[in-house]
Structures are given as structure tokens and as C-alpha cells.
Amino acid sequence: MPELPEVEVIKQSLDKKIKFQKINKVLVRNRNLRLKVPKNFELFLKNKKINKISRKSKYLIFNLSNDTFLIIHLGMSGTIHLVSNRNNNNTNTSFYGSLNLPTKHNHVVFFFKKYQLIYNDPRRFGFIKIIKNKKNLEFFFNKIGPEPLNKKFKTRYICNYFKGKKKCIKSFLLDQKFVSGIGNIYASEILHYSKIKPFRQAKKLSKIEIKKIKYFSQFVLNKAIQKGGSAIRDFKNVKGKNDNYQNEFKVYQRENLNCLNKFCYGKIKKKIISKRSTFFCNSCQN
DNA sequence: AAGAGGCCCTGATAGC
DNA sequence: TGCTATCAGGGCCTCT
């Protein structure tokens, strides 16, 4: 379940390896991703150069030659692997998203001079899409709200957005139209830091509480990026098991364990909110 | 308009 | 052992 930090880590890693490289060839093994990979996909990308790699919320963006863009969304089980062409026996292989290249579900392969970039996605909730000019790109991202790390994510913006909204705060943190980049794991973590119960109604939050949510959204995401993302179930990070944000989880998947906050004797509870498991402390979150 | 719920999908795990 | 049920989750869609 790659959220903003995981995608950022992938972006930074890819930047070092395939920026300014030319796509020599594309192989599509399975077109049935969340969006169908079009028939002319391979031909269209052939010989296009990657001029820039960026990220917007959970989307990876490749700026290609001729004002075209390739965007990749990893859904919840998508991973990206970068395999060196020099050794086909998988020793000294560079990869992102998993410690080993899976044998199944390698749906799309991009061939570069030195590397193969492999898009793997068992559940196929992710997609790869070509966008043909900057205006269309802007239109595509218009539907998406600001990132927590963006200047637009202001206390005033949040307060205004929450006016009259009965939906709970946890649901809003997952609502990409309101704020983009937070997924189910970090939403629980952010609310625990903020000491706010996930099922509180958005409109009933005080300004101070909203400031806390804003602050800890940034805090948690930044810390996760620093740690190289989280290695949970489908997502494993290139930096290895000992250095990732998973070890920092205060509530996620800690049901019935003690709250880690000093002087708090509460227990972590699990509750399903809008079909997603949500973790919180029954004592120190108000 | 806002919000609730369904759906897409496969793999891991639990229970019988 | 082998079957079925359940859960995991992001985002888009439909319905009220």
C-alpha cells in the first residue's frame, strides 16, 4: 500500500538511475490494469527519453520528450523493480518495492540501456497512463487536493473545508480530494500523534486540533520519507528491514497492545471506519 | 452536495 | 489435505 512517502522514496531512487535515459523498448504482458493499457502504448513510448521524474501525491510522473507524460499509480499492491542488464542472474540487482523480483504479475517492462524497469502488481489496482500535454496533465491533477507537505494545506483551508461536514476525520484524511498522499496506515498514525479519535466529526474539531492534524500530517510523512517508507505486507523497501518506518508505528496493527505514549495506560483498539481498519488508543486520543 | 456503500483483484491466513 | 470464507486496501462509481 504505497502512500506518499513510499512513492517519494521510489522517485528519488529512480532519479539516480534512469533520468535522461531513453526507453528502448516496452513489453506489456497484461493490459488489464485498473485502466486498460492501450494497444499503441509500446510503440508510442519507444525511443522517448525521460527528461524528469517527479511525484504528485501517490503518483509517479515521468516527463518524456515532446511534451508527453507517463504517470504510474501503484494502487495498493503495485511495486517497481529496476533490474540491471549486466547480470541476468539477479545478483547485484537494483530493485524498488520488493527485496526480490517476483516471478508472477510482472505486467509491464521498460527497457533502458542499463536497466529494465518492471511494473509488478498482483491485484492490478494500479495503472499506467500516457498523458499527451501539460494542460491535460494539469487537468488530471486538478481533481486532487493539496499534499500535506504543500503550502496550500493551510489551517484556514482545512477549517473552511470542514465547515458543516459530518463525516469523520479519518475518512477525510483518506479523501484525496481534500488532502492527497495519505493512505490507511499513516491516517491512523497521524491521528494518534494528534491525540484525536478517528471517528470524531470533522466539523466539531477545534482550530487547535486542526493545527495538530496539519502539523502531524507533515511530521509523519516527512519522518516516513526519511526512514525510506514502510515495509508492510505488499510493500518492501530497498533499504532493508531494519531501517524503515514500520518500526515507528504507534498504532497501526497494534491491536490490544499498550499505547506507547508516556504516562498513558490505554490499549490500542481497532475499528472499521468506511471499510478500512483503523487503529487508535482508547485513552489518550480524545 | 454530501456521504454511504459497492466494486475491481489476488494472496495470505483462518477455520472446518 | 483441501476446501471455503475473510481480510487487506486506493480510488472510482452509483445510489440515496
# chains A, B, ... in the order shown; residues from 1 in each chain; ligands from 1
$ interface_residues --of "chain C" --to "chain A" --cutoff "12 Å" --atoms "only C-alpha atoms (C1' of nucleotides)" --output "ChimeraX atom specification"
/C:7-12
$ interface_residues --of "chain A" --to "chain B" --cutoff "7 Å" --atoms "only C-alpha atoms (C1' of nucleotides)" --output "PDB file with C-alpha atoms, in the first residue's frame"
ATOM      1  CA  PRO A 122      -0.715  -8.718  -8.160  1.00  0.00           C
ATOM      2  CA  ARG A 123      -4.044  -7.045  -7.501  1.00  0.00           C
ATOM      3  CA  ARG A 124      -3.910  -4.786 -10.526  1.00  0.00           C
ATOM      4  CA  PHE A 125      -5.451  -1.817  -8.689  1.00  0.00           C
TER       5      PHE A 125
END
$ closest_atom_pairs --of "region 81-173 of chain A" --to "region 8-32 of chain A" --cutoff "6 Å" --atoms "only C-alpha atoms" --output "tab-separated table"
residue	atom	partner	partner_atom	distance
A:His107	CA	A:Arg29	CA	4.9
A:Val108	CA	A:Val28	CA	4.5
A:Val109	CA	A:Leu27	CA	5.0
A:Phe110	CA	A:Val26	CA	4.6
A:Phe111	CA	A:Lys25	CA	5.1
A:Phe112	CA	A:Ile23	CA	5.2
$ residues_around --residues "Phe140 (chain A)" --least-positions-apart "6" --cutoff "12 Å" --atoms "only C-alpha atoms (C1' of nucleotides)" --output "MDAnalysis selection string"
chainID A and resid 56 59 61 69 71 129:134
$ write_last_selection --atoms "N, CA and C atoms" --output "PDB file, in the first residue's frame"
ATOM      1  N   LYS A  56       3.509  13.375  -7.610  1.00  0.00           N
ATOM      2  CA  LYS A  56       2.408  14.183  -7.078  1.00  0.00           C
ATOM      3  C   LYS A  56       1.533  13.242  -6.271  1.00  0.00           C
ATOM      4  N   TYR A  59       1.261   9.539  -7.073  1.00  0.00           N
ATOM      5  CA  TYR A  59       1.530   9.288  -8.485  1.00  0.00           C
ATOM      6  C   TYR A  59       2.997   9.562  -8.824  1.00  0.00           C
ATOM      7  N   ILE A  61       5.471  10.525 -11.890  1.00  0.00           N
ATOM      8  CA  ILE A  61       5.328  11.187 -13.184  1.00  0.00           C
ATOM      9  C   ILE A  61       6.662  11.196 -13.917  1.00  0.00           C
ATOM     10  N   PHE A  69       3.715  12.790 -21.007  1.00  0.00           N
ATOM     11  CA  PHE A  69       3.947  12.355 -19.631  1.00  0.00           C
ATOM     12  C   PHE A  69       3.473  10.922 -19.443  1.00  0.00           C
ATOM     13  N   ILE A  71       2.302   8.531 -16.367  1.00  0.00           N
ATOM     14  CA  ILE A  71       2.062   8.502 -14.927  1.00  0.00           C
ATOM     15  C   ILE A  71       1.776   7.081 -14.464  1.00  0.00           C
ATOM     16  N   LYS A 129      -0.495   5.332 -17.323  1.00  0.00           N
ATOM     17  CA  LYS A 129      -1.265   6.129 -18.279  1.00  0.00           C
ATOM     18  C   LYS A 129      -0.374   7.153 -18.972  1.00  0.00           C
ATOM     19  N   ILE A 130      -0.602   7.325 -20.262  1.00  0.00           N
ATOM     20  CA  ILE A 130       0.111   8.355 -21.015  1.00  0.00           C
ATOM     21  C   ILE A 130      -0.772   9.591 -21.064  1.00  0.00           C
ATOM     22  N   ILE A 131      -0.183  10.743 -20.782  1.00  0.00           N
ATOM     23  CA  ILE A 131      -0.924  11.998 -20.895  1.00  0.00           C
ATOM     24  C   ILE A 131      -0.184  12.879 -21.885  1.00  0.00           C
ATOM     25  N   LYS A 132      -0.943  13.438 -22.846  1.00  0.00           N
ATOM     26  CA  LYS A 132      -0.267  13.958 -24.027  1.00  0.00           C
ATOM     27  C   LYS A 132       0.224  15.398 -23.993  1.00  0.00           C
ATOM     28  N   ASN A 133      -0.224  16.216 -23.111  1.00  0.00           N
ATOM     29  CA  ASN A 133       0.448  17.505 -22.952  1.00  0.00           C
ATOM     30  C   ASN A 133       0.217  18.064 -21.561  1.00  0.00           C
ATOM     31  N   LYS A 134       0.900  19.176 -21.277  1.00  0.00           N
ATOM     32  CA  LYS A 134       0.921  19.718 -19.926  1.00  0.00           C
ATOM     33  C   LYS A 134      -0.475  20.133 -19.433  1.00  0.00           C
TER      34      LYS A 134
END
$ closest_residue --among "A:Arg55, A:Lys207, A:Lys197, A:Lys214" --to "Cys281 (chain A)" --atoms "only C-alpha atoms"
A:Lys197
$ closest_residue --among "A:Glu189, A:Phe141, A:Leu117, A:Ser217" --to "Ile268 (chain A)" --atoms "only C-alpha atoms"
A:Glu189
$ select_by_dssp --residues "region 127-207 of chain A" --states "alpha helix (DSSP H)" --output "ChimeraX atom specification"
/A:134-142,155-162,169-174,184-194,207
$ write_last_selection --atoms "N, CA and C atoms" --output "compact mmCIF listing (two decimals), in the first residue's frame"
# COMPACT_ATOMS: atom_id res chain seq x y z
N LYS A 134 0.90 19.18 -21.28
CA LYS A 134 0.92 19.72 -19.93
C LYS A 134 -0.47 20.13 -19.43
N LYS A 135 -1.27 20.65 -20.36
CA LYS A 135 -2.64 21.05 -19.97
C LYS A 135 -3.45 19.86 -19.49
N ASN A 136 -3.34 18.76 -20.21
CA ASN A 136 -4.06 17.55 -19.81
C ASN A 136 -3.54 17.01 -18.48
N LEU A 137 -2.24 17.17 -18.27
CA LEU A 137 -1.65 16.74 -17.01
C LEU A 137 -2.22 17.56 -15.85
N GLU A 138 -2.28 18.88 -16.07
CA GLU A 138 -2.84 19.75 -15.04
C GLU A 138 -4.31 19.42 -14.78
N PHE A 139 -5.02 19.14 -15.85
CA PHE A 139 -6.44 18.78 -15.71
C PHE A 139 -6.58 17.51 -14.88
N PHE A 140 -5.71 16.55 -15.17
CA PHE A 140 -5.75 15.27 -14.45
C PHE A 140 -5.54 15.49 -12.95
N PHE A 141 -4.59 16.35 -12.61
CA PHE A 141 -4.27 16.54 -11.19
C PHE A 141 -5.13 17.61 -10.51
N ASN A 142 -5.97 18.28 -11.31
CA ASN A 142 -6.90 19.26 -10.75
C ASN A 142 -7.88 18.64 -9.77
N THR A 155 -4.12 25.85 7.64
CA THR A 155 -5.15 25.70 8.67
C THR A 155 -6.48 26.28 8.19
N ARG A 156 -6.42 27.44 7.54
CA ARG A 156 -7.64 28.08 7.06
C ARG A 156 -8.35 27.20 6.02
N TYR A 157 -7.56 26.61 5.12
CA TYR A 157 -8.13 25.72 4.10
C TYR A 157 -8.86 24.55 4.77
N ILE A 158 -8.23 23.97 5.78
CA ILE A 158 -8.83 22.81 6.45
C ILE A 158 -10.10 23.22 7.20
N CYS A 159 -10.01 24.33 7.94
CA CYS A 159 -11.17 24.81 8.69
C CYS A 159 -12.36 25.05 7.77
N ASN A 160 -12.11 25.73 6.66
CA ASN A 160 -13.18 26.00 5.69
C ASN A 160 -13.76 24.72 5.12
N TYR A 161 -12.87 23.80 4.81
CA TYR A 161 -13.30 22.54 4.19
C TYR A 161 -14.20 21.75 5.14
N PHE A 162 -13.90 21.83 6.43
CA PHE A 162 -14.60 21.01 7.42
C PHE A 162 -15.94 21.61 7.86
N ILE A 169 -13.11 12.43 10.78
CA ILE A 169 -11.79 12.96 10.39
C ILE A 169 -10.94 11.90 9.68
N LYS A 170 -11.05 10.65 10.12
CA LYS A 170 -10.28 9.58 9.48
C LYS A 170 -10.63 9.48 7.99
N SER A 171 -11.92 9.54 7.69
CA SER A 171 -12.35 9.46 6.29
C SER A 171 -11.80 10.63 5.47
N PHE A 172 -11.74 11.80 6.09
CA PHE A 172 -11.21 12.96 5.35
C PHE A 172 -9.72 12.83 5.06
N LEU A 173 -8.99 12.24 6.00
CA LEU A 173 -7.55 12.07 5.75
C LEU A 173 -7.31 11.12 4.58
N LEU A 174 -8.28 10.23 4.33
CA LEU A 174 -8.16 9.31 3.20
C LEU A 174 -8.76 9.88 1.91
N ASN A 184 -4.19 4.54 4.36
CA ASN A 184 -4.80 3.99 5.57
C ASN A 184 -3.83 3.86 6.75
N ILE A 185 -2.59 3.57 6.46
CA ILE A 185 -1.63 3.38 7.56
C ILE A 185 -1.32 4.71 8.25
N TYR A 186 -0.88 5.68 7.45
CA TYR A 186 -0.46 6.95 8.04
C TYR A 186 -1.62 7.75 8.62
N ALA A 187 -2.84 7.50 8.12
CA ALA A 187 -4.00 8.21 8.68
C ALA A 187 -4.16 7.87 10.17
N SER A 188 -4.06 6.60 10.50
CA SER A 188 -4.16 6.20 11.91
C SER A 188 -3.01 6.78 12.73
N GLU A 189 -1.82 6.75 12.17
CA GLU A 189 -0.64 7.25 12.88
C GLU A 189 -0.75 8.75 13.16
N ILE A 190 -1.21 9.49 12.14
CA ILE A 190 -1.34 10.95 12.28
C ILE A 190 -2.32 11.30 13.39
N LEU A 191 -3.44 10.58 13.44
CA LEU A 191 -4.46 10.90 14.44
C LEU A 191 -4.01 10.51 15.85
N HIS A 192 -3.17 9.50 15.94
CA HIS A 192 -2.65 9.14 17.25
C HIS A 192 -1.70 10.23 17.78
N TYR A 193 -0.81 10.68 16.91
CA TYR A 193 0.05 11.81 17.29
C TYR A 193 -0.76 13.03 17.67
N SER A 194 -1.85 13.25 16.94
CA SER A 194 -2.68 14.44 17.17
C SER A 194 -3.57 14.28 18.40
N LYS A 207 -9.96 24.58 16.30
CA LYS A 207 -8.86 25.09 15.49
C LYS A 207 -7.52 24.52 15.95
$ select_by_dssp --residues "region 82-175 of chain A" --states "strand (DSSP E)" --output "list in words"
Leu82, Val83, Ser84, Asn106, His107, Val108, Val109, Phe110, Phe111, Tyr115, Gln116, Leu117, Ile118, Tyr119, Asn120, Phe127, Ile128, Lys129, Ile130 and Ile131 of chain A
$ atom_distance --atom1 "CA of Asn247 (chain A)" --atom2 "CA of Cys259 (chain A)"
14.6 Å
$ atom_distance --atom1 "CA of Tyr245 (chain A)" --atom2 "CA of Lys195 (chain A)"
19.7 Å
